[in-house]
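So the structure is just underneath, and the comments pick up after that.
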Number of protein chains: 2
Amino acid sequence: MTAAALRLFAERGYGPTTVAEIAAAADVSQRTFFRYFSSKVDAVFGDAPERLAALHDSLAGRGERPVHEIVRDVFLRMATEFERETSVYLVRARLMTSEPAVRGRFLELLATIEDEIAAAAAPRRASADEVFRARLLAALLTATLRASAFAWAASRGRASLTRFVTDAFDTVQPAAAALEGGR
Amino acid sequence: MTAAALRLFAERGYGPTTVAEIAAAADVSQRTFFRYFSSKVDAVFGDAPERLAALHDSLAGRGERPVHEIVRDVFLRMATEFERETSVYLVRARLMTSEPAVRGRFLELLATIEDEIAAAAAPRRASADEVFRARLLAALLTATLRASAFAWAASRGRASLTRFVTDAFDTVQPAAAALEGGR
DNA sequence: ACGGGAACTGTCAGTGAGTGTCAAATGGCA
DNA sequence: TGCCATTTGACACTCACTGACAGTTCCCGT
């Protein structure tokens, strides 16, 4: 179903493709489409729940390791998957840059990721200041993913996504460590 | 018209309020509403164009000053305005946290701001690597605004927004300076 | 093999956002 | 007053999305 949607989006563009057409291409009713995806744009990010769950589990199962290292690993794992199936994810990346709605949804997903990270980084019963620091840390970390994704999309998949992510984390590392370690 | 929309959103909530109702409250036709705002959610951020223009001008008119200092000043000026008219902007902030659509629009606006900053930070005829560094810098700088805005909204306007912004920029400063100064 | 309940799917009707088209109104300005 | 341009309203239409209900499929113990 996601496959049918992405194919149609790639062929005719996001806007001109109707949900009815996607449903027909996937041999289901329109109503069924909306049982699987809560919106048209969600069909583009069908795997979001799993990715979020993976992040959540990794953060929950961290021992003493700092949050930013966990996040770095998770993001790198994601980048590797993206590069393994470039064709699929490039369609997505292109939609992301051309269609405001898709871009918006992507940003919302990143915000959810950010919430997840911020929650994990804040100590139990954190002060307002600690909450803010956790949020800022999370914002910094998702900034790496956002910048990498856009740069990758702009290069049309020719540049190395994993290298972008690695570089981004290298530059952010000191600030992140300070936010987490520092008093 | 923005005033009428915000009032209705605050009274009945975002979802239940229809565009027809907003238009009626503002004594215009529904068609006219959509001439002023390209979507329902846009009525919440009626001042976005001006703010974007202000940022653009400040960036264009910078001499030798680094981008992150300019952005810091612009953001602080915005924060001051927000705190001057708390009642209006708190409605917005609350909608931002409760309504996914509003939150999405806010994130898109931030992304546009990010584009603006990235464009200003990248040298003319930049290499792919320089473009990425500019993007990352821009992502870091907007992260400060995002974290501050959410923290402020969470505190229901009781905490100091300008202090959040100041603190955020202090922690990001080294990384930003490195991204801009370092080759 | 069979009955029954649960989960899945289709049909239908409806709401509301957003757009194109064109005519009417409005507001300077000569 | 008459002319032009910009703004507004009215109407009709598309499409995303939802609620309600009925039919279908699948799985389970017997």
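Residue names in the structure tokens use chain letters A, B, ... in the order shown, residue numbers from 1 in each chain, and ligand numbers from 1 in the order shown.
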Picked from stretch 32-122 of chain A by DSSP as alpha helix (DSSP H), as a PyMOL selection string
chain A and resi 32-36+48-60+67-84+86-98+100-121
What are the nearest atom pairs, with distances in Å to one decimal, for all residues of chain A that come at most 8 Å from chain B, using only C-alpha atoms, set out by chain and rising residue number as JSON lines?
{"residue": "A:Pro100", "atom": "CA", "partner": "B:Glu108", "partner_atom": "CA", "distance": 8.0}
{"residue": "A:Arg103", "atom": "CA", "partner": "B:Glu108", "partner_atom": "CA", "distance": 7.6}
{"residue": "A:Gly104", "atom": "CA", "partner": "B:Gly104", "partner_atom": "CA", "distance": 5.6}
{"residue": "A:Arg105", "atom": "CA", "partner": "B:Gly104", "partner_atom": "CA", "distance": 7.0}
{"residue": "A:Leu107", "atom": "CA", "partner": "B:Leu107", "partner_atom": "CA", "distance": 6.3}
{"residue": "A:Glu108", "atom": "CA", "partner": "B:Gly104", "partner_atom": "CA", "distance": 5.8}
{"residue": "A:Val131", "atom": "CA", "partner": "B:Ala151", "partner_atom": "CA", "distance": 7.8}
{"residue": "A:Phe132", "atom": "CA", "partner": "B:Ala151", "partner_atom": "CA", "distance": 6.0}
{"residue": "A:Arg135", "atom": "CA", "partner": "B:Ala147", "partner_atom": "CA", "distance": 5.6}
{"residue": "A:Leu136", "atom": "CA", "partner": "B:Ala147", "partner_atom": "CA", "distance": 5.3}
{"residue": "A:Ala139", "atom": "CA", "partner": "B:Ala143", "partner_atom": "CA", "distance": 5.1}
{"residue": "A:Leu140", "atom": "CA", "partner": "B:Leu140", "partner_atom": "CA", "distance": 5.8}
{"residue": "A:Ala143", "atom": "CA", "partner": "B:Ala139", "partner_atom": "CA", "distance": 5.1}
{"residue": "A:Thr144", "atom": "CA", "partner": "B:Leu136", "partner_atom": "CA", "distance": 6.5}
{"residue": "A:Arg146", "atom": "CA", "partner": "B:Ala139", "partner_atom": "CA", "distance": 7.3}
{"residue": "A:Ala147", "atom": "CA", "partner": "B:Leu136", "partner_atom": "CA", "distance": 5.3}
{"residue": "A:Ser148", "atom": "CA", "partner": "B:Phe132", "partner_atom": "CA", "distance": 7.4}
{"residue": "A:Ala151", "atom": "CA", "partner": "B:Phe132", "partner_atom": "CA", "distance": 6.0}
{"residue": "A:Phe164", "atom": "CA", "partner": "B:Phe132", "partner_atom": "CA", "distance": 7.8}
{"residue": "A:Ala168", "atom": "CA", "partner": "B:Leu136", "partner_atom": "CA", "distance": 7.0}
{"residue": "A:Thr171", "atom": "CA", "partner": "B:Ala175", "partner_atom": "CA", "distance": 6.5}
{"residue": "A:Val172", "atom": "CA", "partner": "B:Ala175", "partner_atom": "CA", "distance": 6.4}
{"residue": "A:Pro174", "atom": "CA", "partner": "B:Ala175", "partner_atom": "CA", "distance": 7.5}
{"residue": "A:Ala175", "atom": "CA", "partner": "B:Val172", "partner_atom": "CA", "distance": 6.5}
{"residue": "A:Leu179", "atom": "CA", "partner": "B:Thr171", "partner_atom": "CA", "distance": 7.7}
Mind dumping the selected residues with C-alpha atoms as a PDB file, in the first residue's frame?
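Listing of result.pdb after writing:
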ATOM      1  CA  PRO A 100       5.154  21.505   1.772  1.00  0.00           C
ATOM      2  CA  ARG A 103       7.942  18.452   4.513  1.00  0.00           C
ATOM      3  CA  GLY A 104       5.607  19.486   7.281  1.00  0.00           C
ATOM      4  CA  ARG A 105       4.903  15.896   8.209  1.00  0.00           C
ATOM      5  CA  LEU A 107       9.219  18.012  10.575  1.00  0.00           C
ATOM      6  CA  GLU A 108       6.456  16.805  12.853  1.00  0.00           C
ATOM      7  CA  VAL A 131      13.809  20.497  31.215  1.00  0.00           C
ATOM      8  CA  PHE A 132      14.967  23.324  29.036  1.00  0.00           C
ATOM      9  CA  ARG A 135      14.946  20.158  25.168  1.00  0.00           C
ATOM     10  CA  LEU A 136      17.873  22.088  23.791  1.00  0.00           C
ATOM     11  CA  ALA A 139      16.840  20.059  19.440  1.00  0.00           C
ATOM     12  CA  LEU A 140      20.557  20.020  18.709  1.00  0.00           C
ATOM     13  CA  ALA A 143      19.145  19.348  13.945  1.00  0.00           C
ATOM     14  CA  THR A 144      21.862  16.988  12.762  1.00  0.00           C
ATOM     15  CA  ARG A 146      17.423  17.495   9.597  1.00  0.00           C
ATOM     16  CA  ALA A 147      20.492  19.060   8.086  1.00  0.00           C
ATOM     17  CA  SER A 148      21.751  15.679   6.897  1.00  0.00           C
ATOM     18  CA  ALA A 151      21.653  17.918   2.281  1.00  0.00           C
ATOM     19  CA  PHE A 164      26.702  13.759   6.730  1.00  0.00           C
ATOM     20  CA  ALA A 168      27.110  16.633  11.986  1.00  0.00           C
ATOM     21  CA  THR A 171      30.476  19.265  15.304  1.00  0.00           C
ATOM     22  CA  VAL A 172      27.630  19.054  17.767  1.00  0.00           C
ATOM     23  CA  PRO A 174      31.063  19.258  22.430  1.00  0.00           C
ATOM     24  CA  ALA A 175      27.864  21.230  22.944  1.00  0.00           C
ATOM     25  CA  LEU A 179      24.615  20.020  28.040  1.00  0.00           C
TER      26      LEU A 179
END
Selection: 10 Å around stretch 15-21 of chain D, only C-alpha atoms (C1' of nucleotides), excl. self and same-chain fewer than 5 positions, as number ranges by chain
A: 18-20, 31, 34, 38-40; C: 11-18
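Shell of B:Val67 at 7 Å, with only C-alpha atoms (C1' of nucleotides) counted and residues fewer than 3 places along the chain excluded, is Ile70, Val71 and Ala121 of chain B.
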Selection near C:DG5, 10 Å with only C-alpha atoms (C1' of nucleotides), sequence-local residues under 2 positions removed, as number ranges by chain:
C: 3, 7; D: 27-28
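Interatomic distance, atom CA of B:Arg7 to atom CA of B:Glu50: 21.6 Å.
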Expected answer as a tab-separated table (two decimals) with C-alpha atoms, in the first residue's frame: chain A residues within 12 Å of chain C, only C-alpha atoms (C1' of nucleotides):
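Result file selection.tsv:
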chain	number	residue	atom	x	y	z
A	27	ASP	CA	-7.10	-2.80	-4.44
A	28	VAL	CA	-8.73	-1.57	-1.30
A	29	SER	CA	-11.52	0.86	-0.57
A	30	GLN	CA	-10.83	4.45	0.29
A	31	ARG	CA	-12.13	3.81	3.77
A	32	THR	CA	-9.56	1.10	4.28
A	33	PHE	CA	-6.79	3.46	3.25
A	34	PHE	CA	-7.74	5.73	6.12
A	35	ARG	CA	-7.71	2.82	8.52
A	36	TYR	CA	-4.06	2.22	7.74
